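Structure below is my_file.pdb: PDB, C-alpha atoms.
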MODEL        1
ATOM      1  CA  MET A   1       9.578  10.192   2.559
ATOM      2  CA  LEU A   2      11.484   6.974   2.921
ATOM      3  CA  VAL A   3      12.725   5.508   6.168
ATOM      4  CA  VAL A   4      15.829   3.389   5.664
ATOM      5  CA  ARG A   5      17.143   1.597   8.751
ATOM      6  CA  GLY A   6      15.679   4.256  11.013
ATOM      7  CA  LYS A   7      16.942   7.219   8.973
ATOM      8  CA  THR A   8      14.556   9.471   7.072
ATOM      9  CA  MET A   9      15.650   9.754   3.475
ATOM     10  CA  GLY A  10      14.658  12.523   1.115
ATOM     11  CA  LEU A  11      12.996  15.866   1.639
ATOM     12  CA  TRP A  12       9.872  17.390   0.171
ATOM     13  CA  LYS A  13      10.897  19.285  -2.935
ATOM     14  CA  THR A  14       9.658  22.795  -3.630
ATOM     15  CA  GLU A  15       7.700  21.379  -6.567
ATOM     16  CA  MET A  16       6.019  18.102  -5.679
ATOM     17  CA  THR A  17       5.193  15.386  -8.163
ATOM     18  CA  HIS A  18       1.615  14.155  -8.441
ATOM     19  CA  ILE A  19       2.682  11.113  -6.397
ATOM     20  CA  GLU A  20       4.006  13.259  -3.553
ATOM     21  CA  GLU A  21       0.913  15.494  -3.693
ATOM     22  CA  ILE A  22      -1.350  12.468  -3.249
ATOM     23  CA  LEU A  23       0.791  11.153  -0.369
ATOM     24  CA  LYS A  24       0.645  14.543   1.322
ATOM     25  CA  LYS A  25      -3.164  14.645   1.069
ATOM     26  CA  PHE A  26      -3.389  11.262   2.794
ATOM     27  CA  THR A  27      -0.766  12.011   5.478
ATOM     28  CA  ASP A  28      -2.486  15.327   6.239
ATOM     29  CA  ARG A  29      -5.639  13.299   6.923
ATOM     30  CA  VAL A  30      -4.123  10.322   8.725
ATOM     31  CA  LYS A  31      -6.792  10.616  11.452
ATOM     32  CA  ASP A  32      -9.469  10.115   8.793
ATOM     33  CA  VAL A  33      -7.522   7.139   7.419
ATOM     34  CA  LYS A  34      -7.444   5.608  10.921
ATOM     35  CA  SER A  35     -11.174   6.280  11.359
ATOM     36  CA  THR A  36     -11.846   4.563   8.054
ATOM     37  CA  TYR A  37      -9.904   1.501   9.184
ATOM     38  CA  SER A  38     -11.795   1.435  12.506
ATOM     39  CA  MET A  39     -15.104   1.451  10.625
ATOM     40  CA  LEU A  40     -14.062  -1.517   8.469
ATOM     41  CA  THR A  41     -12.090  -3.836  10.766
ATOM     42  CA  ASP A  42     -14.761  -6.547  10.404
ATOM     43  CA  GLU A  43     -14.341  -6.540   6.598
ATOM     44  CA  GLN A  44     -10.889  -8.186   6.623
ATOM     45  CA  PHE A  45     -10.163 -11.166   4.405
ATOM     46  CA  SER A  46      -6.985 -13.176   3.815
ATOM     47  CA  TYR A  47      -4.742 -11.601   1.206
ATOM     48  CA  PRO A  48      -5.536 -13.615  -1.903
ATOM     49  CA  ASP A  49      -2.150 -14.450  -3.438
ATOM     50  CA  ARG A  50      -1.228 -17.241  -0.986
ATOM     51  CA  LYS A  51       1.791 -18.228  -3.109
ATOM     52  CA  ILE A  52       3.810 -15.259  -1.875
ATOM     53  CA  TYR A  53       3.336 -15.373   1.892
ATOM     54  CA  SER A  54       2.937 -17.429   5.027
ATOM     55  CA  GLY A  55       1.037 -16.426   8.139
ATOM     56  CA  ASP A  56      -2.062 -14.327   8.733
ATOM     57  CA  TRP A  57      -1.938 -11.431   6.239
ATOM     58  CA  LYS A  58      -5.286  -9.635   5.974
ATOM     59  CA  PHE A  59      -6.608  -7.065   3.526
ATOM     60  CA  ILE A  60      -9.585  -4.699   3.320
ATOM     61  CA  GLY A  61     -10.278  -3.570  -0.244
ATOM     62  CA  LEU A  62     -11.229   0.083  -0.665
ATOM     63  CA  LYS A  63     -10.856   0.675  -4.393
ATOM     64  CA  ALA A  64     -10.201  -1.176  -7.642
ATOM     65  CA  LYS A  65     -10.295   1.329 -10.514
ATOM     66  CA  GLU A  66     -13.760   2.959 -10.342
ATOM     67  CA  ASP A  67     -15.168   0.330  -7.951
ATOM     68  CA  ILE A  68     -15.364   1.758  -4.428
ATOM     69  CA  PRO A  69     -17.380  -0.705  -2.303
ATOM     70  CA  TYR A  70     -17.750   1.662   0.676
ATOM     71  CA  PRO A  71     -18.798   5.049  -0.757
ATOM     72  CA  ASN A  72     -19.356   7.061   2.447
ATOM     73  CA  LEU A  73     -16.026   6.836   4.237
ATOM     74  CA  PRO A  74     -14.045   9.654   5.881
ATOM     75  CA  ILE A  75     -11.522   9.320   3.022
ATOM     76  CA  SER A  76     -13.951   8.728   0.125
ATOM     77  CA  ASP A  77     -13.013  12.079  -1.412
ATOM     78  CA  LEU A  78      -9.330  11.065  -1.419
ATOM     79  CA  LEU A  79     -10.083   7.659  -2.940
ATOM     80  CA  ASP A  80     -12.059   9.355  -5.736
ATOM     81  CA  ASP A  81      -8.784  10.554  -7.271
ATOM     82  CA  PRO A  82      -8.600   8.782 -10.670
ATOM     83  CA  LEU A  83      -4.807   8.420 -10.307
ATOM     84  CA  ILE A  84      -5.346   6.036  -7.383
ATOM     85  CA  VAL A  85      -5.944   2.743  -9.152
ATOM     86  CA  ILE A  86      -6.094   0.342  -6.181
ATOM     87  CA  ALA A  87      -6.379   1.000  -2.447
ATOM     88  CA  GLY A  88      -6.877  -1.066   0.666
ATOM     89  CA  PHE A  89      -5.678  -1.712   4.171
ATOM     90  CA  SER A  90      -2.890  -4.246   4.548
ATOM     91  CA  VAL A  91      -2.853  -5.888   7.978
ATOM     92  CA  LEU A  92       0.402  -7.713   8.665
ATOM     93  CA  ASN A  93      -0.231  -9.813  11.748
ATOM     94  CA  PRO A  94       2.640 -11.198  13.840
ATOM     95  CA  GLY A  95       4.606 -13.921  12.087
ATOM     96  CA  VAL A  96       3.746 -12.994   8.489
ATOM     97  CA  GLU A  97       6.565 -13.543   5.992
ATOM     98  CA  ILE A  98       6.052 -12.227   2.454
ATOM     99  CA  THR A  99       8.556 -13.861   0.120
ATOM    100  CA  PRO A 100      10.489 -11.931  -2.535
ATOM    101  CA  HIS A 101       8.209 -11.176  -5.475
ATOM    102  CA  LYS A 102       7.406  -8.513  -8.057
ATOM    103  CA  GLY A 103       4.077  -6.826  -8.696
ATOM    104  CA  TYR A 104       1.717  -8.034 -11.395
ATOM    105  CA  ARG A 105       3.277  -8.080 -14.869
ATOM    106  CA  GLY A 106       1.689  -5.489 -17.142
ATOM    107  CA  PHE A 107       0.529  -3.408 -14.159
ATOM    108  CA  ALA A 108       3.370  -2.899 -11.675
ATOM    109  CA  ASP A 109       5.503  -0.965 -14.170
ATOM    110  CA  LYS A 110       2.656   1.559 -14.601
ATOM    111  CA  VAL A 111       2.119   2.402 -10.919
ATOM    112  CA  TYR A 112       3.998   3.292  -7.777
ATOM    113  CA  ARG A 113       2.969   1.395  -4.677
ATOM    114  CA  ALA A 114       2.405   3.698  -1.695
ATOM    115  CA  HIS A 115       2.224   2.827   2.001
ATOM    116  CA  LEU A 116       0.784   5.058   4.726
ATOM    117  CA  CYS A 117       1.381   3.525   8.142
ATOM    118  CA  ILE A 118      -1.453   3.823  10.640
ATOM    119  CA  LYS A 119      -0.052   1.308  13.156
ATOM    120  CA  GLN A 120       3.605   0.438  13.275
ATOM    121  CA  ALA A 121       5.145  -2.668  14.797
ATOM    122  CA  PRO A 122       8.724  -3.321  15.904
ATOM    123  CA  ASN A 123      10.830  -5.836  13.973
ATOM    124  CA  CYS A 124       8.744  -5.293  10.866
ATOM    125  CA  LEU A 125      10.588  -4.675   7.598
ATOM    126  CA  LEU A 126      10.065  -4.109   3.874
ATOM    127  CA  THR A 127      12.935  -4.847   1.506
ATOM    128  CA  VAL A 128      12.787  -3.384  -2.022
ATOM    129  CA  ASP A 129      15.608  -4.165  -4.432
ATOM    130  CA  SER A 130      17.956  -4.958  -1.493
ATOM    131  CA  LYS A 131      17.125  -1.705   0.373
ATOM    132  CA  GLU A 132      15.463  -1.990   3.766
ATOM    133  CA  TYR A 133      12.549   0.184   4.860
ATOM    134  CA  THR A 134      10.601   0.439   8.097
ATOM    135  CA  TRP A 135       7.165   1.908   8.672
ATOM    136  CA  GLN A 136       6.524   4.875  10.967
ATOM    137  CA  GLU A 137       3.018   5.721  12.093
ATOM    138  CA  GLY A 138       1.604   8.679  10.184
ATOM    139  CA  LYS A 139       4.354   8.574   7.538
ATOM    140  CA  ALA A 140       4.005   7.569   3.890
ATOM    141  CA  PHE A 141       6.402   6.443   1.196
ATOM    142  CA  TYR A 142       6.220   4.885  -2.239
ATOM    143  CA  PHE A 143       8.294   2.436  -4.246
ATOM    144  CA  ASP A 144       8.522   0.744  -7.616
ATOM    145  CA  ASP A 145       6.284  -2.347  -7.386
ATOM    146  CA  SER A 146       7.986  -3.871 -10.451
ATOM    147  CA  LEU A 147      11.180  -4.355  -8.412
ATOM    148  CA  GLU A 148      11.597  -7.445  -6.258
ATOM    149  CA  HIS A 149      10.343  -6.825  -2.734
ATOM    150  CA  SER A 150       9.527  -8.757   0.426
ATOM    151  CA  ALA A 151       8.313  -8.006   3.935
ATOM    152  CA  TYR A 152       7.953  -9.542   7.345
ATOM    153  CA  ASN A 153       6.494  -8.940  10.780
ATOM    154  CA  ARG A 154       8.620 -10.735  13.363
ATOM    155  CA  SER A 155       7.067  -8.933  16.301
ATOM    156  CA  THR A 156       4.128  -9.709  18.562
ATOM    157  CA  GLU A 157       2.204  -6.654  17.319
ATOM    158  CA  THR A 158       0.164  -5.994  14.171
ATOM    159  CA  ARG A 159       1.342  -3.551  11.494
ATOM    160  CA  ILE A 160      -1.430  -1.759   9.554
ATOM    161  CA  ILE A 161      -0.967   0.391   6.465
ATOM    162  CA  LEU A 162      -3.085   1.951   3.795
ATOM    163  CA  LEU A 163      -1.663   0.438   0.618
ATOM    164  CA  PHE A 164      -2.452   2.163  -2.657
ATOM    165  CA  ASP A 165      -1.225   2.104  -6.227
ATOM    166  CA  ILE A 166      -0.851   5.467  -7.970
ATOM    167  CA  ALA A 167      -0.576   5.780 -11.753
ATOM    168  CA  ARG A 168       2.939   6.851 -12.727
ATOM    169  CA  ASP A 169       1.672   8.707 -15.766
ATOM    170  CA  PRO A 170      -1.492  10.770 -15.208
ATOM    171  CA  ASP A 171      -2.273  10.362 -18.926
ATOM    172  CA  ASN A 172      -1.964   6.557 -18.856
ATOM    173  CA  ILE A 173      -3.978   5.049 -16.014
ATOM    174  CA  PRO A 174      -3.491   1.267 -16.154
ATOM    175  CA  GLU A 175      -6.216  -1.349 -16.333
ATOM    176  CA  LEU A 176      -6.320  -4.194 -13.848
ATOM    177  CA  THR A 177      -4.823  -7.330 -15.380
ATOM    178  CA  GLU A 178      -6.617 -10.660 -15.726
ATOM    179  CA  ASN A 179      -4.324 -12.393 -13.212
ATOM    180  CA  MET A 180      -5.014  -9.635 -10.666
ATOM    181  CA  MET A 181      -8.753 -10.008 -11.091
ATOM    182  CA  ARG A 182      -8.481 -13.809 -10.850
ATOM    183  CA  ASP A 183      -6.476 -13.635  -7.591
ATOM    184  CA  PHE A 184      -8.926 -11.240  -5.958
ATOM    185  CA  ASP A 185     -12.015 -13.102  -7.163
ATOM    186  CA  GLU A 186     -10.923 -16.358  -5.504
TER     187      GLU A 186
ENDMDL
END

Please render this file's structure as structure tokens.
Amino acid sequence: MLVVRGKTMGLWKTEMTHIEEILKKFTDRVKDVKSTYSMLTDEQFSYPDRKIYSGDWKFIGLKAKEDIPYPNLPISDLLDDPLIVIAGFSVLNPGVEITPHKGYRGFADKVYRAHLCIKQAPNCLLTVDSKEYTWQEGKAFYFDDSLEHSAYNRSTETRIILLFDIARDPDNIPELTENMMRDFDE
């Protein structure tokens, strides 16, 4: 579901897409997602692509293709889904401004970026293709990462989400691109 300026948009359809099915599995287990974050809070590092943001944006990597660095987590079974290409916790501390950008060329058009909020913050916003979205604890949504998007946290609280990229086409799971690997290796 999407939350646009405080209004919930969209309803679950009778027949869910594979994207919606994955989101439902994670939202049904939001307590496990929160437990996973609690176990890994000391593993945070600065989000690597410093060109697109200012402030203290942190990340905890959970999955990059088949690489799952923490194999015995409460949500390990969910992360094992081959359609989830990348997953991690995005920690948007107060004052972070993420400038308008698009996802990685050659990758973003093959995935949908999903967010599951585990800690919301006031005055925190995501803009995708001129549409504004807010996060609500325990709720998930997805968007097209190839569209221009930006975000900010202008509150005094931290916003935490599980961020994950889901293959659009179950028969065409994308590879990580060289520029993605370079950014995350630095």

Shell of 9 Å around Ser46 of chain A, all atoms listed in the file, local chain residues under 4 positions omitted, as number ranges by chain: A: 50, 56-60

Selection dump of the PyMOL selection byres ((chain A and resi 107-113) around 6), as a list in words: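 With the shown file as input, the PyMOL selection byres ((chain A and resi 107-113) around 6) matches Gly103, Tyr104, Arg105, Gly106, Ala114, Tyr142, Phe143, Asp144, Asp145, Ser146, Phe164, Asp165, Ile166, Ala167 and Arg168 of chain A.
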
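Distances here use only C-alpha atoms; by that measure, the residue among A:Lys65, A:Leu116, A:Asp28, A:Ala151 closest to Asp80 of chain A is A:Lys65.
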
Spatial neighbours of segment 126-134 of chain A, 12 Å, only C-alpha atoms, chain gap at least 2 places, as an MDAnalysis selection string: chainID A and resid 1:9 92 96:103 113 115:117 119:124 136:137 139:154 159 161

Top pick for closest residue to Glu175 of chain A, considering A:Asn93, A:Tyr47, A:Ala64, A:Ser38 and counting only C-alpha atoms: A:Ala64

Separation of atom CA of Leu162 of chain A from atom CA of Val91 of chain A in Å: 8.9 Å

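Atom CA of Ile52 of chain A to atom CA of Tyr70 of chain A spans 27.5 Å [interatomic distance, one decimal].
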
Long-range neighbours of Glu66 of chain A as a VMD selection string, 12 Å cut-off, all atoms listed in the file, 5 positions minimum in chain: chain A and resid 71 76 79 to 87 173 to 176

Atom-to-atom span, atom CA of Gly55 of chain A and atom CA of Gly95 of chain A, Å: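 It comes out at 5.9 Å.
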
Selection under test: the PyMOL selection byres ((chain A and resi 37) around 10); residues as a count of residues only: 21

Counting all atoms listed in the file, find the residues whose atoms lie at most 9 Å from (4.2, 12.6, -9.2) (file coordinates) and write them out as a short mmCIF file (atom, residue, chain, number, x, y, z; two decimals) with C-alpha atoms, keeping the file's coordinate frame.
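See selection-v9.cif below for the written result:
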data_model
loop_
_atom_site.label_atom_id
_atom_site.label_comp_id
_atom_site.auth_asym_id
_atom_site.auth_seq_id
_atom_site.Cartn_x
_atom_site.Cartn_y
_atom_site.Cartn_z
CA MET A 16 6.02 18.10 -5.68
CA THR A 17 5.19 15.39 -8.16
CA HIS A 18 1.62 14.16 -8.44
CA ILE A 19 2.68 11.11 -6.40
CA GLU A 20 4.01 13.26 -3.55
CA GLU A 21 0.91 15.49 -3.69
CA ILE A 22 -1.35 12.47 -3.25
CA ILE A 166 -0.85 5.47 -7.97
CA ALA A 167 -0.58 5.78 -11.75
CA ARG A 168 2.94 6.85 -12.73
CA ASP A 169 1.67 8.71 -15.77
CA PRO A 170 -1.49 10.77 -15.21
#

Nearest to Ser90 of chain A by atom-to-atom distance, counting only C-alpha atoms, from A:Lys25, A:Ser155, A:Gln44, A:Asn172: A:Gln44
